[in-house]
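First comes the structure, then the notes that go with it.
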Amino acid sequence: MKEDSSKAGRRRRFEFGRNWSEYLQNLGEFQMKRAEESLKSMLGVDELKGRTFLDIGSGSGLFSLAARRLGAKVHSFDYDPDSVECTAELKRRFFEDDADWVVERGSILDSDYLASLGLFDVVYSWGVLHHTGDIWKSARNAASLAKPGGLVVVAIYNDQGRSSRIWRHVKRIYVHTPGPFKWAILIPSLIRLWGTVTFKDLVKYGTLKTWKEYSFDRGMSPWHDLIDWVGGYPFEVAKPEQVINFMDSLGLLFVLAKTCGEGRGCNEFVFKKRTAPAKYKEPLDGNDKL
């Protein structure tokens with residue numbers, strides 16, 4: 001592994017897999033179907049039979065599972081050993097001894113490991129590249145794993161300027177804070193992120209409507225996504241035009257994007273691998289325009 005795998009190194013990172021292992025305790029058919037619908041909508045397909053699917057940073061394993069249920073031959077990897085175990089657990093539950101789903105520990109920054117993988121019809125990395133400590137090298141490596149004509153799907157945190165810098169500081173403190181005291185950061189963050197919308201829902205509907213319907217989009221849990229957001233460190237961000245410009249320089253044709261404007265969260269992108277890569281260009285600095 002090219003990333004720091006020492007105990008000290010792991011303490012400087014958020015342990016994503018521990019969060020996702022709790023999420024999997026309540027995983028049901030509804031969440032799995034929502035994940036499938038999310039994949040089909042983003043990729044513009046009804047199924048993935050005959051396709052190969054690479055899940056970079058598989059996390060909970062939900063979207064690897066969704067791709068396999070849609071018929072893809074899946075290869076999942078994650079740097080976090082607990083996340084690898086989460087993905088392996090889903091494989092044991094639903095596709096035990098299935099040769100068409102491989103689950104491994106690996107790093108998107110490890111060129112030797114990546115060289116062993118081959119190329120894929122779909123390269124999928126949702127909310128991962130900005131947590132590696134080198135977002136642009138990670139993006140370049142992800143792009144290199146797509147076949148000519150293949151799709152690359154990434155979701156990267158939106159650059160909110162000063163707000164993003166503040167959240168980076170909060171995340172760093174959270175990761176370095178001993179477990180019993182993390183609540184002192186988590187509860188104020190919950191109020192900051194959910195307070196206004198919760199108040200509006202209670203006034204308008206008399207229920208926690210947005211919280212309850214959160215899983216309708218991708219099948220994810222609002223509570224576990226909150227922990228993922230507050231604890232997600234290392235943390236990098238990018239503006240949509242930076243991502244599009246950079247991927248274009250690597251030979252990827254922009255297909256579609258779902259952005260969050262000036263807000264917090266991930267901008268989602270789909271690119272298609274050209275047969276001849278364009279000349280490399282540095283990422284935009286955020287002030288430039290396409």
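Following the order of the structure tokens, chains are lettered A, B, ..., residues in each are numbered from 1, and ligands are numbered from 1.
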
Can you pull out every residue from region 121-191 of chain A that DSSP, working from the backbone, puts in strand (DSSP E or B), and format the result as JSON, numbers by chain?
{"A": [121, 122, 123, 124, 125, 126, 146, 147, 148, 149, 150, 151, 152, 153, 154, 155, 156, 157, 158]}

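Within the 7 Å cut-off around region 32-37 of chain A, using only C-alpha atoms and omitting residues fewer than 4 positions from it on the same chain, the listed residues are A:Gly28, A:Ser41, A:Leu62, A:Phe63, A:Ala66, A:Phe216, A:Asp217, A:Arg218, A:Gly219.
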
Identify all residues of region 15-119 of chain A in helix (DSSP H, G or I) (DSSP on the backbone) and supply them as a ChimeraX atom specification.
/A:16-26,29-43,62-69,81-94,111-115

If you measure from CA of Trp136 (chain A) to CA of Arg13 (chain A), what distance in Å do you get, rounded to one decimal?
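Separation between CA of Trp136 (chain A) and CA of Arg13 (chain A): 18.6 Å.
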
Name the residues in contact with region 203-210 of chain A at a cut-off of 10 Å, using only C-alpha atoms, excluding same-chain residues fewer than 6 positions from it; report them as a list of chain:residue names.
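Close residues of region 203-210 of chain A: A:Trp194, A:Val197, A:Phe216, A:Pro222.
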
Keeping C-alpha atoms for every residue in the selection just given, could you write it to a file as an mmCIF file, in the first residue's frame?
```cif
data_model
loop_
_atom_site.group_PDB
_atom_site.id
_atom_site.type_symbol
_atom_site.label_atom_id
_atom_site.label_comp_id
_atom_site.auth_asym_id
_atom_site.auth_seq_id
_atom_site.Cartn_x
_atom_site.Cartn_y
_atom_site.Cartn_z
ATOM 1 C CA TRP A 194 -30.065 19.619 9.911
ATOM 2 C CA VAL A 197 -34.564 21.911 7.445
ATOM 3 C CA PHE A 216 -35.079 7.594 -1.292
ATOM 4 C CA PRO A 222 -28.888 10.263 7.002
#
```

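The gap separating CA of Ala72 (chain A) from CA of Arg105 (chain A) is 19.9 Å, in Å to one decimal.
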
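Among the candidates A:Val154, A:Asp110, A:Gly195, A:Gly61, the residue lying nearest to Leu43 (chain A) is A:Val154 (atoms considered: only C-alpha atoms).
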
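Put simply, CA of Leu48 (chain A) is 8.4 Å away from CA of Lys73 (chain A).
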
Need to verify the contact set: Tyr233 (chain A), 7 Å, only C-alpha atoms, exclusion of same-chain residues closer than 6 positions in sequence. Can you return it as number ranges by chain?
A: 13-14, 131, 171-172

Among listed residues A:Val153, A:Glu96, A:Phe77, A:Gly232, nearest His176 (chain A) (using only C-alpha atoms)
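Nearest candidate to His176 (chain A) out of A:Val153, A:Glu96, A:Phe77, A:Gly232: A:Gly232.
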
Give me, as a PyMOL selection string, all polymer residues having an atom no more than 7 Å from region 85-87 of chain A, counting only C-alpha atoms and skipping those fewer than 4 positions away in the same chain.
chain A and resi 17+20-21+58-61+81+91+103

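Between Pro148 (chain A) and the candidates A:Gly44, A:Gly127, A:Gly265, A:Gly251, the tightest atom-to-atom separation, counting only C-alpha atoms, involves A:Gly251.
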
Selection near Lys137 (chain A), 12 Å with only C-alpha atoms, sequence-local residues under 6 positions removed, as a PDB file with N, CA and C atoms, in the first residue's frame:
```pdb
ATOM      1  N   SER A 107      -5.325   0.360  -2.758  1.00  0.00           N
ATOM      2  CA  SER A 107      -5.315   1.817  -2.735  1.00  0.00           C
ATOM      3  C   SER A 107      -5.305   2.372  -4.152  1.00  0.00           C
ATOM      4  N   ILE A 108      -6.102   3.403  -4.395  1.00  0.00           N
ATOM      5  CA  ILE A 108      -6.133   4.056  -5.698  1.00  0.00           C
ATOM      6  C   ILE A 108      -4.831   4.801  -5.960  1.00  0.00           C
ATOM      7  N   LEU A 109      -3.998   4.959  -4.939  1.00  0.00           N
ATOM      8  CA  LEU A 109      -2.695   5.610  -5.110  1.00  0.00           C
ATOM      9  C   LEU A 109      -1.563   4.606  -5.341  1.00  0.00           C
ATOM     10  N   ASP A 110      -1.877   3.328  -5.315  1.00  0.00           N
ATOM     11  CA  ASP A 110      -0.866   2.281  -5.461  1.00  0.00           C
ATOM     12  C   ASP A 110      -0.803   1.837  -6.919  1.00  0.00           C
ATOM     13  N   SER A 111       0.159   2.344  -7.669  1.00  0.00           N
ATOM     14  CA  SER A 111       0.245   2.070  -9.103  1.00  0.00           C
ATOM     15  C   SER A 111       0.497   0.592  -9.389  1.00  0.00           C
ATOM     16  N   LEU A 129     -12.428   9.861  -3.887  1.00  0.00           N
ATOM     17  CA  LEU A 129     -11.161  10.440  -4.340  1.00  0.00           C
ATOM     18  C   LEU A 129     -10.716  11.627  -3.499  1.00  0.00           C
ATOM     19  N   HIS A 130     -11.667  12.353  -2.927  1.00  0.00           N
ATOM     20  CA  HIS A 130     -11.321  13.528  -2.114  1.00  0.00           C
ATOM     21  C   HIS A 130     -10.878  13.145  -0.694  1.00  0.00           C
ATOM     22  N   HIS A 131     -10.892  11.854  -0.374  1.00  0.00           N
ATOM     23  CA  HIS A 131     -10.445  11.404   0.947  1.00  0.00           C
ATOM     24  C   HIS A 131      -9.089  10.699   0.911  1.00  0.00           C
ATOM     25  N   ALA A 143      -9.313   7.319 -13.901  1.00  0.00           N
ATOM     26  CA  ALA A 143      -9.578   7.457 -15.336  1.00  0.00           C
ATOM     27  C   ALA A 143      -8.804   6.422 -16.148  1.00  0.00           C
ATOM     28  N   SER A 144      -7.617   6.088 -15.697  1.00  0.00           N
ATOM     29  CA  SER A 144      -6.767   5.153 -16.447  1.00  0.00           C
ATOM     30  C   SER A 144      -7.325   3.731 -16.443  1.00  0.00           C
ATOM     31  N   PHE A 246     -10.127  18.824 -15.874  1.00  0.00           N
ATOM     32  CA  PHE A 246      -9.079  17.842 -15.602  1.00  0.00           C
ATOM     33  C   PHE A 246      -9.369  16.512 -16.291  1.00  0.00           C
ATOM     34  N   MET A 247     -10.607  16.056 -16.187  1.00  0.00           N
ATOM     35  CA  MET A 247     -10.959  14.788 -16.815  1.00  0.00           C
ATOM     36  C   MET A 247     -10.882  14.880 -18.341  1.00  0.00           C
ATOM     37  N   LEU A 250      -7.543  14.195 -19.612  1.00  0.00           N
ATOM     38  CA  LEU A 250      -7.143  12.792 -19.527  1.00  0.00           C
ATOM     39  C   LEU A 250      -7.808  11.934 -20.591  1.00  0.00           C
ATOM     40  N   GLU A 282      -3.298  21.432 -16.403  1.00  0.00           N
ATOM     41  CA  GLU A 282      -3.428  21.523 -14.962  1.00  0.00           C
ATOM     42  C   GLU A 282      -4.885  21.808 -14.600  1.00  0.00           C
ATOM     43  N   PRO A 283      -5.338  21.355 -13.407  1.00  0.00           N
ATOM     44  CA  PRO A 283      -6.688  21.699 -12.973  1.00  0.00           C
ATOM     45  C   PRO A 283      -6.857  23.201 -12.857  1.00  0.00           C
TER      46      PRO A 283
END
```

Region 146-260 of chain A near region 115-121 of chain A within 12 Å: what's each residue's closest atom pair and its distance in Å to one decimal, counting only C-alpha atoms, ordered by chain then ascending residue number, as a tab-separated table?
```
residue	atom	partner	partner_atom	distance
A:Ala146	CA	A:Phe120	CA	5.0
A:Lys147	CA	A:Leu119	CA	5.2
A:Pro148	CA	A:Asp121	CA	8.3
A:Gly149	CA	A:Asp121	CA	7.7
A:Gly150	CA	A:Asp121	CA	4.5
A:Leu151	CA	A:Asp121	CA	6.2
A:Val152	CA	A:Asp121	CA	8.5
A:Val153	CA	A:Asp121	CA	10.9
```

Output N, CA and C atoms for every residue in that selection, as a short mmCIF file (atom, residue, chain, number, x, y, z; two decimals), in the first residue's frame.
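Final output, selection34.cif:
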```
data_model
loop_
_atom_site.label_atom_id
_atom_site.label_comp_id
_atom_site.auth_asym_id
_atom_site.auth_seq_id
_atom_site.Cartn_x
_atom_site.Cartn_y
_atom_site.Cartn_z
N ALA A 146 -10.48 2.83 -17.01
CA ALA A 146 -11.64 2.65 -17.88
C ALA A 146 -11.20 2.20 -19.27
N LYS A 147 -11.99 1.30 -19.86
CA LYS A 147 -11.76 0.90 -21.24
C LYS A 147 -12.08 2.05 -22.17
N PRO A 148 -11.50 2.10 -23.36
CA PRO A 148 -11.97 3.07 -24.37
C PRO A 148 -13.47 2.88 -24.59
N GLY A 149 -14.20 3.97 -24.49
CA GLY A 149 -15.66 3.89 -24.59
C GLY A 149 -16.34 3.58 -23.28
N GLY A 150 -15.57 3.30 -22.23
CA GLY A 150 -16.13 3.00 -20.92
C GLY A 150 -16.54 4.25 -20.16
N LEU A 151 -17.30 4.07 -19.11
CA LEU A 151 -17.80 5.19 -18.31
C LEU A 151 -17.02 5.32 -17.01
N VAL A 152 -16.80 6.56 -16.60
CA VAL A 152 -16.18 6.87 -15.32
C VAL A 152 -17.16 7.72 -14.53
N VAL A 153 -17.56 7.23 -13.37
CA VAL A 153 -18.52 7.92 -12.52
C VAL A 153 -17.82 8.33 -11.23
#
```

Please identify all polymer residues within 12 Å of Pro188 (chain A), counting only C-alpha atoms, omitting same-chain residues fewer than 5 positions from it, and present them as a ChimeraX atom specification.
/A:170,182-183,193-195,226,230

Just the selected residues (C-alpha atoms), exported as an mmCIF file, in the first residue's frame, please.
```cif
data_model
loop_
_atom_site.group_PDB
_atom_site.id
_atom_site.type_symbol
_atom_site.label_atom_id
_atom_site.label_comp_id
_atom_site.auth_asym_id
_atom_site.auth_seq_id
_atom_site.Cartn_x
_atom_site.Cartn_y
_atom_site.Cartn_z
ATOM 1 C CA VAL A 170 -13.610 20.487 12.002
ATOM 2 C CA LYS A 182 -16.500 13.023 19.508
ATOM 3 C CA TRP A 183 -20.110 13.767 20.441
ATOM 4 C CA LEU A 193 -26.550 20.766 9.056
ATOM 5 C CA TRP A 194 -30.065 19.619 9.911
ATOM 6 C CA GLY A 195 -31.490 22.247 12.267
ATOM 7 C CA LEU A 226 -23.711 12.702 8.828
ATOM 8 C CA VAL A 230 -18.140 15.188 9.927
#
```

Choose the residue, out of A:Met42, A:Leu90, A:Leu54, A:Leu202, that has the smallest atom-to-atom separation from Phe269 (chain A); count only C-alpha atoms.
A:Met42
